[in-house]
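Enquirer: I have a structure I would like to understand better, so I am pasting it below and will then ask my questions one at a time.
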Amino acid sequence: MDAPVDSQLPKRAKAPPSNWFLNPYVQIAIGALLVTASELLLWRGAQAVVHPTGIAKFLGINALASGWTWLGILTYVLSFICWIYVLRYVPLSIAFPAINIVHVLVPFGSWLFLHDQISPMRWGGIALVILGILLIVGPVAQAEERL
Amino acid sequence: MSALAITFCIVCQFLLVMGQLFLKHAMNCVDVTPRPWRRVIWNFAAGVGALTLWFFLWVGLMQQSALSRIFPFEGLNPALLVLGAWIFLKERLPPVAWVGVLMICVGIGLVTVS
């Protein structure tokens with residue numbers, strides 16, 4: 001007979017503080033919002049500078065000339081601080097799929113703020129990616145609630 | 001998207017996963033007594049290094065494509081990370097999670113051909 005699902009899940013590394021703001025799952029949500037803001041700002045920064053040619057075009061160093069890029073870096077650093085905190089308390093194979101909620105937030109944000117065109121097929125692909133992430137995170141979240 | 005751009009997208013995801021594995025290993029060491037500072041610092045530095053490489057490649061890719069087109073490549077990350085955490089951190093997920101991994105891969109395929 002197979003072991004129960006709970007026993008197959010990675011164990012929480014350490015009990016988090018009781019303060020709601022310091023709850024690692026609240027920090028995952030804050031981190032996801034910060035990453036979304038960062039991705040949109042970095043894209044704007046990348047578009048705001050002259051594009052190089054050749055192999056250099058795959059290295060985004062010239063994007064540092066834009067203030068949008070620096071704002072994107074700042075929000076990314078803030079999300080990184082949230083993330084380091086989360087890693088102390090939550091197993092990586094739980095935390096990482098959970099933070100992938102940005103796969104919903106970023107395409108939605110790029111459609112809303114950057115006016116990107118997204119075809120129905122691409123929306124379908126994005127939805128499938130999200131469903132897959134939910135399948136990974138779902139049983140883990142249920143088990144976490146019981147802890 | 002060109003073959004080179006797709007290759008860079010995939011390399012990006014490997015760098016990101018490697019960085020996360022190093023960071024998690026560093027944070028796991030933080031709660032060990034006595035704290036192995038050298039191991040914490042080396043793993044943290046390796047994680048930040050991999051993530052820095054990932055960052056510049058990622059910004060470069062953003063200059064070439066619409067964000068909504070390249071961003072779903074990051075859907076590879078959960079698959080790579082579950083594998084990485086299984087191999088290197090000995091973390092286990094239930095079998096249903098592997099169905100999720102397959103759905104993510106199919107989703108990425110749909111995004112790249114659309």
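Every chain in the structure tokens takes a letter, A first, then B, and so on in the order presented; its residues are numbered from 1, and the ligands are numbered from 1 following the presented order.
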Select, as a tab-separated table (two decimals) with C-alpha atoms, in the first residue's frame, those residues of chain A with any atom no more than 8 Å from chain B (distances computed using only C-alpha atoms).

Expert:
```tsv
chain	number	residue	atom	x	y	z
A	5	VAL	CA	0.30	11.91	0.51
A	8	GLN	CA	5.43	12.00	0.74
A	9	LEU	CA	5.65	15.79	1.06
A	10	PRO	CA	8.84	17.62	1.98
A	13	ALA	CA	12.25	23.38	7.70
A	42	LEU	CA	12.68	45.84	-16.64
A	43	TRP	CA	10.84	45.34	-19.94
A	46	ALA	CA	14.98	47.32	-22.00
A	47	GLN	CA	12.77	49.00	-24.58
A	51	HIS	CA	19.29	48.03	-29.13
A	57	LYS	CA	21.99	41.89	-28.12
A	58	PHE	CA	21.45	38.89	-25.81
A	59	LEU	CA	23.17	40.65	-22.91
A	60	GLY	CA	21.05	43.39	-21.46
A	61	ILE	CA	23.87	45.50	-19.93
A	63	ALA	CA	19.54	48.57	-20.41
A	84	ILE	CA	15.48	34.51	1.20
A	87	LEU	CA	13.52	29.79	1.91
A	88	ARG	CA	14.40	29.64	5.59
A	91	PRO	CA	10.90	23.62	1.37
A	92	LEU	CA	12.07	24.75	-2.08
A	93	SER	CA	9.83	22.27	-3.92
A	96	PHE	CA	9.08	27.70	-5.88
A	97	PRO	CA	5.92	26.37	-7.55
A	100	ASN	CA	5.02	30.83	-9.98
A	103	HIS	CA	2.86	33.33	-14.56
A	106	VAL	CA	2.95	39.01	-15.57
A	107	PRO	CA	1.04	38.15	-18.80
A	110	SER	CA	1.79	43.02	-19.82
A	111	TRP	CA	-1.63	42.88	-21.50
A	116	ASP	CA	0.93	43.15	-25.48
A	118	ILE	CA	-1.79	37.57	-26.57
A	119	SER	CA	-3.40	35.06	-28.95
A	121	MET	CA	-3.60	29.72	-28.21
A	122	ARG	CA	-0.99	31.46	-26.08
A	123	TRP	CA	-3.59	32.15	-23.39
A	124	GLY	CA	-4.37	28.41	-23.54
A	125	GLY	CA	-0.68	27.55	-23.09
A	126	ILE	CA	-0.37	29.95	-20.17
A	127	ALA	CA	-3.53	28.46	-18.59
A	128	LEU	CA	-2.11	24.94	-18.96
A	129	VAL	CA	1.12	26.04	-17.29
A	130	ILE	CA	-0.89	27.50	-14.41
A	131	LEU	CA	-3.00	24.34	-14.05
A	132	GLY	CA	0.17	22.28	-13.89
A	133	ILE	CA	1.56	24.53	-11.17
A	134	LEU	CA	-1.70	24.16	-9.21
A	135	LEU	CA	-1.44	20.37	-9.45
A	136	ILE	CA	2.03	20.58	-7.91
A	137	VAL	CA	1.12	23.07	-5.18
```

Enquirer: With a distance cut-off of 10 Å and only C-alpha atoms, select the neighbouring residues of A:Trp70, excluding the residue or stretch itself and same-chain residues fewer than 4 positions from it, and output the selection as a tab-separated table (two decimals) with N, CA, C and O atoms, in the first residue's frame.

Expert:
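Written out: result-v1.tsv:
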```
chain	number	residue	atom	x	y	z
A	38	SER	N	8.62	44.20	-11.08
A	38	SER	CA	10.00	44.22	-11.57
A	38	SER	C	10.07	43.83	-13.04
A	38	SER	O	10.75	44.49	-13.84
A	41	LEU	N	8.78	46.65	-15.21
A	41	LEU	CA	9.71	47.78	-15.22
A	41	LEU	C	10.96	47.46	-16.04
A	41	LEU	O	11.46	48.30	-16.79
A	42	LEU	N	11.48	46.23	-15.89
A	42	LEU	CA	12.68	45.84	-16.64
A	42	LEU	C	12.38	45.82	-18.14
A	42	LEU	O	13.22	46.19	-18.96
A	45	GLY	N	12.42	49.33	-19.29
A	45	GLY	CA	13.81	49.79	-19.34
A	45	GLY	C	14.54	49.24	-20.55
A	45	GLY	O	15.29	49.95	-21.21
A	63	ALA	N	20.83	48.16	-21.01
A	63	ALA	CA	19.54	48.57	-20.41
A	63	ALA	C	19.75	49.32	-19.10
A	63	ALA	O	18.84	50.00	-18.62
A	64	LEU	N	20.98	49.21	-18.52
A	64	LEU	CA	21.26	49.90	-17.26
A	64	LEU	C	21.23	51.42	-17.44
A	64	LEU	O	21.19	52.16	-16.46
A	65	ALA	N	21.24	51.89	-18.69
A	65	ALA	CA	21.18	53.33	-18.96
A	65	ALA	C	19.79	53.90	-18.66
A	65	ALA	O	19.63	55.12	-18.60
A	66	SER	N	18.81	53.06	-18.50
A	66	SER	CA	17.44	53.52	-18.26
A	66	SER	C	17.09	53.51	-16.77
A	66	SER	O	17.41	52.56	-16.05
A	74	LEU	N	15.53	47.58	-8.19
A	74	LEU	CA	15.16	47.84	-6.79
A	74	LEU	C	14.02	46.92	-6.34
A	74	LEU	O	14.10	46.30	-5.26
A	75	THR	N	12.97	46.82	-7.16
A	75	THR	CA	11.85	45.95	-6.77
A	75	THR	C	12.30	44.49	-6.75
A	75	THR	O	11.81	43.70	-5.95
A	76	TYR	N	13.24	44.15	-7.64
A	76	TYR	CA	13.73	42.77	-7.66
A	76	TYR	C	14.52	42.45	-6.39
A	76	TYR	O	14.39	41.36	-5.83
```

Enquirer: Which value, in Å to one decimal, gives the distance between atom CA of B:Leu16 and atom CA of A:Trp83?

Expert: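 Separation of atom CA of B:Leu16 and atom CA of A:Trp83: 13.4 Å.
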
Enquirer: When you draw a straight line from atom CA of B:Ile10 to atom CA of B:Ile70, how long is it in Å?

Expert: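 Interatomic distance, atom CA of B:Ile10 to atom CA of B:Ile70: 10.3 Å.
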
Enquirer: Restrict the calculation to only C-alpha atoms, then for each residue of stretch 64-142 of chain A with any atom at most 10 Å from an atom of stretch 17-22 of chain A give the closest atom pair and their distance in Å to one decimal, rows by chain and rising residue number, as a tab-separated table.

Expert:
```
residue	atom	partner	partner_atom	distance
A:Cys82	CA	A:Leu22	CA	9.5
A:Tyr85	CA	A:Leu22	CA	8.8
A:Val86	CA	A:Leu22	CA	9.2
A:Tyr89	CA	A:Pro17	CA	9.7
```

Enquirer: Restricted to N, CA and C atoms, what would the selected residues look like written as a PDB file, in the first residue's frame?

Expert:
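Generated file (selection_35.pdb):
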```
ATOM      1  N   CYS A  82      12.448  39.085   0.391  1.00  0.00           N
ATOM      2  CA  CYS A  82      11.277  38.266   0.767  1.00  0.00           C
ATOM      3  C   CYS A  82      11.579  36.790   0.533  1.00  0.00           C
ATOM      4  N   TYR A  85      13.914  35.058   2.979  1.00  0.00           N
ATOM      5  CA  TYR A  85      13.167  34.800   4.212  1.00  0.00           C
ATOM      6  C   TYR A  85      12.313  33.541   4.054  1.00  0.00           C
ATOM      7  N   VAL A  86      11.599  33.448   2.908  1.00  0.00           N
ATOM      8  CA  VAL A  86      10.719  32.286   2.650  1.00  0.00           C
ATOM      9  C   VAL A  86      11.526  30.990   2.652  1.00  0.00           C
ATOM     10  N   TYR A  89      12.053  28.972   5.813  1.00  0.00           N
ATOM     11  CA  TYR A  89      10.946  28.286   6.486  1.00  0.00           C
ATOM     12  C   TYR A  89      10.208  27.264   5.625  1.00  0.00           C
TER      13      TYR A  89
END
```

Enquirer: Just to confirm, what's the straight-line distance from atom CA of A:Pro16 to atom CA of B:Leu15 in Å (one decimal)?

Expert: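 Interatomic distance, atom CA of A:Pro16 to atom CA of B:Leu15: 28.7 Å.
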
Enquirer: Name the residues in contact with B:Gly19 at a cut-off of 6 Å, using only C-alpha atoms, excluding same-chain residues fewer than 3 positions from it; report them as a PyMOL selection string.

Expert: chain B and resi 16+22+47+50-51
